[in-house]
file structure_0.cif (mmCIF, C-alpha atoms)
data_entry
loop_
_atom_site.group_PDB
_atom_site.id
_atom_site.type_symbol
_atom_site.label_atom_id
_atom_site.label_comp_id
_atom_site.auth_asym_id
_atom_site.auth_seq_id
_atom_site.Cartn_x
_atom_site.Cartn_y
_atom_site.Cartn_z
ATOM 1 C CA MET A 1 -6.724 16.576 52.358
ATOM 2 C CA ILE A 2 -7.140 19.704 54.524
ATOM 3 C CA GLN A 3 -5.585 21.810 51.759
ATOM 4 C CA ALA A 4 -8.121 20.447 49.243
ATOM 5 C CA PHE A 5 -10.974 21.196 51.657
ATOM 6 C CA ARG A 6 -9.736 24.796 52.076
ATOM 7 C CA TYR A 7 -9.564 25.160 48.310
ATOM 8 C CA VAL A 8 -13.165 23.964 47.925
ATOM 9 C CA ILE A 9 -14.370 26.347 50.657
ATOM 10 C CA ILE A 10 -12.544 29.291 49.083
ATOM 11 C CA LEU A 11 -13.907 28.404 45.646
ATOM 12 C CA ALA A 12 -17.468 28.097 47.011
ATOM 13 C CA PHE A 13 -17.216 31.425 48.830
ATOM 14 C CA THR A 14 -15.833 33.137 45.725
ATOM 15 C CA SER A 15 -18.672 31.724 43.622
ATOM 16 C CA LEU A 16 -21.246 33.054 46.071
ATOM 17 C CA VAL A 17 -19.681 36.509 46.077
ATOM 18 C CA LEU A 18 -19.572 36.602 42.285
ATOM 19 C CA GLY A 19 -22.963 34.944 41.878
ATOM 20 C CA GLY A 20 -24.935 38.175 41.665
ATOM 21 C CA CYS A 21 -24.313 41.039 39.307
ATOM 22 C CA ALA A 22 -20.554 41.134 39.480
ATOM 23 C CA SER A 23 -18.096 43.744 38.356
ATOM 24 C CA ASN A 24 -14.959 45.365 39.619
ATOM 25 C CA GLN A 25 -14.293 48.062 37.065
ATOM 26 C CA GLN A 26 -13.856 51.552 38.403
ATOM 27 C CA LEU A 27 -13.657 54.638 36.225
ATOM 28 C CA GLN A 28 -10.732 56.945 36.729
ATOM 29 C CA PRO A 29 -11.392 60.605 37.590
ATOM 30 C CA GLY A 30 -12.074 62.661 34.494
ATOM 31 C CA SER A 31 -13.205 59.638 32.501
ATOM 32 C CA ALA A 32 -16.162 59.140 30.189
ATOM 33 C CA ALA A 33 -18.746 59.419 32.968
ATOM 34 C CA LEU A 34 -18.067 63.129 33.207
ATOM 35 C CA GLN A 35 -18.086 63.669 29.444
ATOM 36 C CA TYR A 36 -21.340 61.990 28.422
ATOM 37 C CA SER A 37 -24.156 63.975 26.872
ATOM 38 C CA PRO A 38 -27.220 62.140 25.524
ATOM 39 C CA ALA A 39 -27.747 64.894 22.969
ATOM 40 C CA GLU A 40 -24.232 64.420 21.562
ATOM 41 C CA SER A 41 -23.730 60.689 22.121
ATOM 42 C CA ALA A 42 -27.200 59.556 21.083
ATOM 43 C CA PRO A 43 -28.706 62.438 19.104
ATOM 44 C CA GLY A 44 -32.471 62.214 18.821
ATOM 45 C CA SER A 45 -32.721 59.389 21.346
ATOM 46 C CA VAL A 46 -35.524 60.284 23.715
ATOM 47 C CA LYS A 47 -34.971 56.898 25.375
ATOM 48 C CA ALA A 48 -31.319 57.760 26.163
ATOM 49 C CA GLU A 49 -32.295 61.179 27.523
ATOM 50 C CA LYS A 50 -34.897 59.671 29.868
ATOM 51 C CA LEU A 51 -32.570 56.904 31.022
ATOM 52 C CA TRP A 52 -29.824 59.481 31.576
ATOM 53 C CA GLN A 53 -32.113 61.260 34.043
ATOM 54 C CA ALA A 54 -32.493 58.000 35.988
ATOM 55 C CA PHE A 55 -28.716 57.569 35.983
ATOM 56 C CA GLU A 56 -28.201 61.098 37.319
ATOM 57 C CA ARG A 57 -30.764 60.446 40.057
ATOM 58 C CA TYR A 58 -29.119 57.185 41.174
ATOM 59 C CA GLN A 59 -25.447 57.709 40.306
ATOM 60 C CA GLY A 60 -23.307 56.545 43.215
ATOM 61 C CA THR A 61 -26.107 54.545 44.865
ATOM 62 C CA PRO A 62 -24.357 51.601 46.516
ATOM 63 C CA TYR A 63 -24.512 48.038 45.265
ATOM 64 C CA GLN A 64 -26.871 45.749 47.171
ATOM 65 C CA TYR A 65 -27.545 42.198 46.044
ATOM 66 C CA GLY A 66 -31.281 41.967 45.260
ATOM 67 C CA GLY A 67 -31.645 45.737 45.641
ATOM 68 C CA THR A 68 -34.223 47.688 43.637
ATOM 69 C CA THR A 69 -34.343 51.044 45.447
ATOM 70 C CA SER A 70 -32.250 54.152 46.075
ATOM 71 C CA ARG A 71 -30.921 52.432 49.214
ATOM 72 C CA GLY A 72 -29.082 49.954 46.969
ATOM 73 C CA PHE A 73 -29.265 48.220 43.583
ATOM 74 C CA ASP A 74 -27.959 45.108 41.955
ATOM 75 C CA CYS A 75 -27.443 45.350 38.204
ATOM 76 C CA SER A 76 -30.844 44.053 37.132
ATOM 77 C CA GLY A 77 -32.555 45.990 39.931
ATOM 78 C CA PHE A 78 -31.080 49.226 38.589
ATOM 79 C CA ILE A 79 -32.130 48.361 35.037
ATOM 80 C CA THR A 80 -35.723 47.508 35.973
ATOM 81 C CA THR A 81 -36.050 50.644 38.114
ATOM 82 C CA ALA A 82 -34.561 52.898 35.413
ATOM 83 C CA TYR A 83 -36.857 51.444 32.744
ATOM 84 C CA SER A 84 -39.928 51.620 34.970
ATOM 85 C CA GLU A 85 -39.373 55.180 36.177
ATOM 86 C CA SER A 86 -38.019 56.623 32.918
ATOM 87 C CA LEU A 87 -39.981 54.776 30.280
ATOM 88 C CA GLY A 88 -42.957 53.325 32.164
ATOM 89 C CA GLN A 89 -41.870 49.902 30.946
ATOM 90 C CA GLN A 90 -41.715 46.744 33.060
ATOM 91 C CA LEU A 91 -38.801 44.422 32.361
ATOM 92 C CA PRO A 92 -38.088 40.945 33.725
ATOM 93 C CA ARG A 93 -36.464 41.228 37.168
ATOM 94 C CA THR A 94 -33.300 39.151 36.820
ATOM 95 C CA THR A 95 -30.408 39.114 34.375
ATOM 96 C CA SER A 96 -31.195 35.547 33.293
ATOM 97 C CA GLN A 97 -34.866 36.431 32.723
ATOM 98 C CA MET A 98 -33.859 39.485 30.671
ATOM 99 C CA LEU A 99 -31.638 37.283 28.516
ATOM 100 C CA ARG A 100 -34.602 35.023 27.715
ATOM 101 C CA HIS A 101 -36.810 37.932 26.607
ATOM 102 C CA GLY A 102 -36.522 40.906 24.320
ATOM 103 C CA ASP A 103 -35.137 40.992 20.829
ATOM 104 C CA VAL A 104 -31.587 39.760 20.269
ATOM 105 C CA VAL A 105 -29.291 42.580 19.146
ATOM 106 C CA HIS A 106 -25.873 41.980 17.593
ATOM 107 C CA ARG A 107 -22.968 43.910 19.076
ATOM 108 C CA ASN A 108 -22.535 46.107 16.005
ATOM 109 C CA SER A 109 -26.250 47.047 16.100
ATOM 110 C CA VAL A 110 -26.559 48.050 19.763
ATOM 111 C CA GLU A 111 -28.542 51.262 20.262
ATOM 112 C CA PRO A 112 -29.084 53.546 23.263
ATOM 113 C CA GLY A 113 -31.468 51.877 25.701
ATOM 114 C CA ASP A 114 -30.519 48.312 24.770
ATOM 115 C CA ILE A 115 -29.567 45.996 27.628
ATOM 116 C CA VAL A 116 -26.000 44.696 27.358
ATOM 117 C CA PHE A 117 -24.869 41.494 29.072
ATOM 118 C CA PHE A 118 -21.515 40.292 30.343
ATOM 119 C CA ARG A 119 -20.113 36.858 31.133
ATOM 120 C CA ILE A 120 -18.172 36.779 34.396
ATOM 121 C CA ALA A 121 -16.680 33.625 35.853
ATOM 122 C CA GLY A 122 -18.224 31.593 33.027
ATOM 123 C CA LYS A 123 -21.790 32.804 33.584
ATOM 124 C CA ASP A 124 -23.940 35.591 32.117
ATOM 125 C CA GLN A 125 -24.455 37.446 35.346
ATOM 126 C CA HIS A 126 -23.990 41.169 34.781
ATOM 127 C CA ALA A 127 -25.984 43.651 32.724
ATOM 128 C CA GLY A 128 -26.224 47.352 32.028
ATOM 129 C CA ILE A 129 -28.003 49.847 29.792
ATOM 130 C CA TYR A 130 -26.165 50.973 26.651
ATOM 131 C CA MET A 131 -26.224 54.767 26.322
ATOM 132 C CA GLY A 132 -24.464 55.349 23.007
ATOM 133 C CA ASP A 133 -20.904 56.430 22.277
ATOM 134 C CA ASN A 134 -19.495 53.133 23.680
ATOM 135 C CA LEU A 135 -20.884 53.838 27.183
ATOM 136 C CA PHE A 136 -23.238 51.906 29.446
ATOM 137 C CA ILE A 137 -24.728 52.527 32.887
ATOM 138 C CA HIS A 138 -24.938 49.815 35.520
ATOM 139 C CA ALA A 139 -24.715 48.899 39.186
ATOM 140 C CA SER A 140 -21.181 47.729 39.906
ATOM 141 C CA THR A 141 -20.409 45.652 42.980
ATOM 142 C CA SER A 142 -17.378 47.820 43.718
ATOM 143 C CA SER A 143 -18.686 51.302 42.910
ATOM 144 C CA GLY A 144 -22.486 51.203 42.875
ATOM 145 C CA VAL A 145 -24.334 52.908 40.010
ATOM 146 C CA ILE A 146 -21.723 54.097 37.521
ATOM 147 C CA MET A 147 -21.019 54.538 33.814
ATOM 148 C CA SER A 148 -18.386 52.420 32.055
ATOM 149 C CA GLU A 149 -16.975 51.957 28.574
ATOM 150 C CA LEU A 150 -18.297 48.939 26.667
ATOM 151 C CA ASP A 151 -14.859 48.236 25.241
ATOM 152 C CA GLY A 152 -13.016 49.154 28.442
ATOM 153 C CA TYR A 153 -10.283 46.782 29.604
ATOM 154 C CA TYR A 154 -12.578 44.917 32.004
ATOM 155 C CA TRP A 155 -15.691 44.719 29.837
ATOM 156 C CA ARG A 156 -14.614 44.244 26.196
ATOM 157 C CA ASP A 157 -13.822 40.526 26.464
ATOM 158 C CA ARG A 158 -16.772 39.821 28.773
ATOM 159 C CA PHE A 159 -19.536 41.172 26.506
ATOM 160 C CA SER A 160 -21.890 38.290 25.751
ATOM 161 C CA GLY A 161 -24.914 39.853 24.053
ATOM 162 C CA ALA A 162 -27.635 42.470 24.016
ATOM 163 C CA ARG A 163 -31.415 42.626 24.059
ATOM 164 C CA ARG A 164 -33.861 45.300 23.005
ATOM 165 C CA PHE A 165 -37.104 45.839 24.874
ATOM 166 C CA ASP A 166 -39.548 48.051 22.955
#
call {"tool": "encode", "arguments": {"input": "structure_0.cif", "output": "structure tokens"}}
result
Amino acid sequence: MIQAFRYVIILAFTSLVLGGCASNQQLQPGSAALQYSPAESAPGSVKAEKLWQAFERYQGTPYQYGGTTSRGFDCSGFITTAYSESLGQQLPRTTSQMLRHGDVVHRNSVEPGDIVFFRIAGKDQHAGIYMGDNLFIHASTSSGVIMSELDGYYWRDRFSGARRFD
């Protein structure tokens, strides 16, 4: 009985920790984050160039659940701030709200600036901004604002959809 109670407590705690924008992927030194160029990866994409400037400004900012400022971001907080500052566009605040709005984009039609979503622990709870060339920017719980590969080992099987906000 006590063992079952411990299991329930551990499961509840784990769910709370993973309940926000969750991710654990870390890029290795010398990886794609250092090799990205909007001009080469998304030629002609003014949207990608503007969003890249937001990424450069906030890269490394720590993860903070509910965060929307340079003191800390969660994944949707980073997205809404990047869109607002770079494109002057207001997006829904949470990942679930973003999923309900915007135009559905199929994986093979994702373009720079589209919002990509990931299913973690059975729930769509993480999102990032696709930048072209298989890369997306996001606020990771383990590393803060970083760039990752869409088909990287952690993300490829967790991709759940994309939305376009024009």
call {"tool": "resolve_selection", "arguments": {"input": "structure_0.cif", "expression": "the PyMOL selection byres ((chain A and resi 115) around 8)", "output": "list in words"}}
result
Gly113, Asp114, Val116, Phe117, Ala127, Gly128, Ile129, Tyr130, Ala162, Arg163 and Arg164 of chain A
call {"tool": "resolve_selection", "arguments": {"input": "structure_0.cif", "expression": "the PyMOL selection byres ((chain A and resi 72) around 10)", "output": "ChimeraX atom specification"}}
result
/A:58,60-71,73-74,77-78,139,144-145
call {"tool": "closest_residue", "arguments": {"input": "structure_0.cif", "among": "A:Asp157, A:Glu49, A:Glu85, A:Glu149", "to": "A:Pro112", "atoms": "all atoms listed in the file"}}
result
A:Glu49
call {"tool": "atom_distance", "arguments": {"input": "structure_0.cif", "atom1": "atom CA of A:Met147", "atom2": "atom CA of A:Glu56"}}
result
10.3 Å
call {"tool": "atom_distance", "arguments": {"input": "structure_0.cif", "atom1": "atom CA of A:Phe55", "atom2": "atom CA of A:His126"}}
result
17.1 Å
call {"tool": "atom_distance", "arguments": {"input": "structure_0.cif", "atom1": "atom CA of A:Ser96", "atom2": "atom CA of A:Ile137"}}
result
18.2 Å
call {"tool": "closest_residue", "arguments": {"input": "structure_0.cif", "among": "A:Gln125, A:Ser148, A:Ser140, A:Gln53", "to": "A:Ser86", "atoms": "only C-alpha atoms"}}
result
A:Gln53
call {"tool": "closest_residue", "arguments": {"input": "structure_0.cif", "among": "A:Arg119, A:Arg158, A:Lys50, A:His138", "to": "A:Ser84", "atoms": "only C-alpha atoms"}}
result
A:Lys50
call {"tool": "closest_residue", "arguments": {"input": "structure_0.cif", "among": "A:Val110, A:Ala121, A:Ala54, A:Leu150", "to": "A:Ala82", "atoms": "only C-alpha atoms"}}
result
A:Ala54
call {"tool": "resolve_selection", "arguments": {"input": "structure_0.cif", "expression": "the PyMOL selection byres ((chain A and resi 101) around 10)", "output": "PyMOL selection string"}}
result
chain A and resi 91-92+96-100+102-104+163-165
call {"tool": "write_last_selection", "arguments": {"input": "structure_0.cif", "atoms": "C-alpha atoms", "output": "CSV table (one decimal), in the frame of the given file"}}
result
chain,number,residue,atom,x,y,z
A,91,LEU,CA,-38.8,44.4,32.4
A,92,PRO,CA,-38.1,40.9,33.7
A,96,SER,CA,-31.2,35.5,33.3
A,97,GLN,CA,-34.9,36.4,32.7
A,98,MET,CA,-33.9,39.5,30.7
A,99,LEU,CA,-31.6,37.3,28.5
A,100,ARG,CA,-34.6,35.0,27.7
A,102,GLY,CA,-36.5,40.9,24.3
A,103,ASP,CA,-35.1,41.0,20.8
A,104,VAL,CA,-31.6,39.8,20.3
A,163,ARG,CA,-31.4,42.6,24.1
A,164,ARG,CA,-33.9,45.3,23.0
A,165,PHE,CA,-37.1,45.8,24.9
call {"tool": "closest_residue", "arguments": {"input": "structure_0.cif", "among": "A:Ser45, A:Gln59, A:Ser109, A:Thr95", "to": "A:Ser143", "atoms": "all atoms listed in the file"}}
result
A:Gln59
call {"tool": "closest_residue", "arguments": {"input": "structure_0.cif", "among": "A:Asp151, A:Val46, A:Gln90, A:Asp166", "to": "A:Phe118", "atoms": "only C-alpha atoms"}}
result
A:Asp151
call {"tool": "build_atoms", "arguments": {"input": "structure_0.cif", "residues": "stretch 104-117 of chain A", "atoms": "N, CA and C atoms", "output": "PDB file, keeping the file's coordinate frame"}}
result
ATOM      1  N   VAL A 104     -33.039  39.896  20.317  1.00  0.00           N
ATOM      2  CA  VAL A 104     -31.587  39.760  20.269  1.00  0.00           C
ATOM      3  C   VAL A 104     -31.022  40.877  19.386  1.00  0.00           C
ATOM      4  N   VAL A 105     -29.968  41.507  19.877  1.00  0.00           N
ATOM      5  CA  VAL A 105     -29.291  42.580  19.146  1.00  0.00           C
ATOM      6  C   VAL A 105     -27.827  42.200  19.015  1.00  0.00           C
ATOM      7  N   HIS A 106     -27.287  42.274  17.800  1.00  0.00           N
ATOM      8  CA  HIS A 106     -25.873  41.980  17.593  1.00  0.00           C
ATOM      9  C   HIS A 106     -25.034  43.166  18.059  1.00  0.00           C
ATOM     10  N   ARG A 107     -23.832  42.874  18.488  1.00  0.00           N
ATOM     11  CA  ARG A 107     -22.968  43.910  19.076  1.00  0.00           C
ATOM     12  C   ARG A 107     -22.837  45.148  18.190  1.00  0.00           C
ATOM     13  N   ASN A 108     -22.709  44.961  16.897  1.00  0.00           N
ATOM     14  CA  ASN A 108     -22.535  46.107  16.005  1.00  0.00           C
ATOM     15  C   ASN A 108     -23.840  46.851  15.724  1.00  0.00           C
ATOM     16  N   SER A 109     -24.951  46.392  16.291  1.00  0.00           N
ATOM     17  CA  SER A 109     -26.250  47.047  16.100  1.00  0.00           C
ATOM     18  C   SER A 109     -26.840  47.575  17.401  1.00  0.00           C
ATOM     19  N   VAL A 110     -26.056  47.595  18.463  1.00  0.00           N
ATOM     20  CA  VAL A 110     -26.559  48.050  19.763  1.00  0.00           C
ATOM     21  C   VAL A 110     -26.892  49.532  19.691  1.00  0.00           C
ATOM     22  N   GLU A 111     -28.062  49.877  20.248  1.00  0.00           N
ATOM     23  CA  GLU A 111     -28.542  51.262  20.262  1.00  0.00           C
ATOM     24  C   GLU A 111     -28.781  51.714  21.698  1.00  0.00           C
ATOM     25  N   PRO A 112     -28.795  53.039  21.911  1.00  0.00           N
ATOM     26  CA  PRO A 112     -29.084  53.546  23.263  1.00  0.00           C
ATOM     27  C   PRO A 112     -30.387  52.963  23.808  1.00  0.00           C
ATOM     28  N   GLY A 113     -30.316  52.494  25.049  1.00  0.00           N
ATOM     29  CA  GLY A 113     -31.468  51.877  25.701  1.00  0.00           C
ATOM     30  C   GLY A 113     -31.461  50.368  25.659  1.00  0.00           C
ATOM     31  N   ASP A 114     -30.627  49.777  24.816  1.00  0.00           N
ATOM     32  CA  ASP A 114     -30.519  48.312  24.770  1.00  0.00           C
ATOM     33  C   ASP A 114     -29.838  47.820  26.043  1.00  0.00           C
ATOM     34  N   ILE A 115     -30.188  46.613  26.456  1.00  0.00           N
ATOM     35  CA  ILE A 115     -29.567  45.996  27.628  1.00  0.00           C
ATOM     36  C   ILE A 115     -28.377  45.179  27.135  1.00  0.00           C
ATOM     37  N   VAL A 116     -27.215  45.427  27.726  1.00  0.00           N
ATOM     38  CA  VAL A 116     -26.000  44.696  27.358  1.00  0.00           C
ATOM     39  C   VAL A 116     -25.646  43.737  28.494  1.00  0.00           C
ATOM     40  N   PHE A 117     -25.143  42.568  28.118  1.00  0.00           N
ATOM     41  CA  PHE A 117     -24.869  41.494  29.072  1.00  0.00           C
ATOM     42  C   PHE A 117     -23.397  41.101  29.033  1.00  0.00           C
TER      43      PHE A 117
END
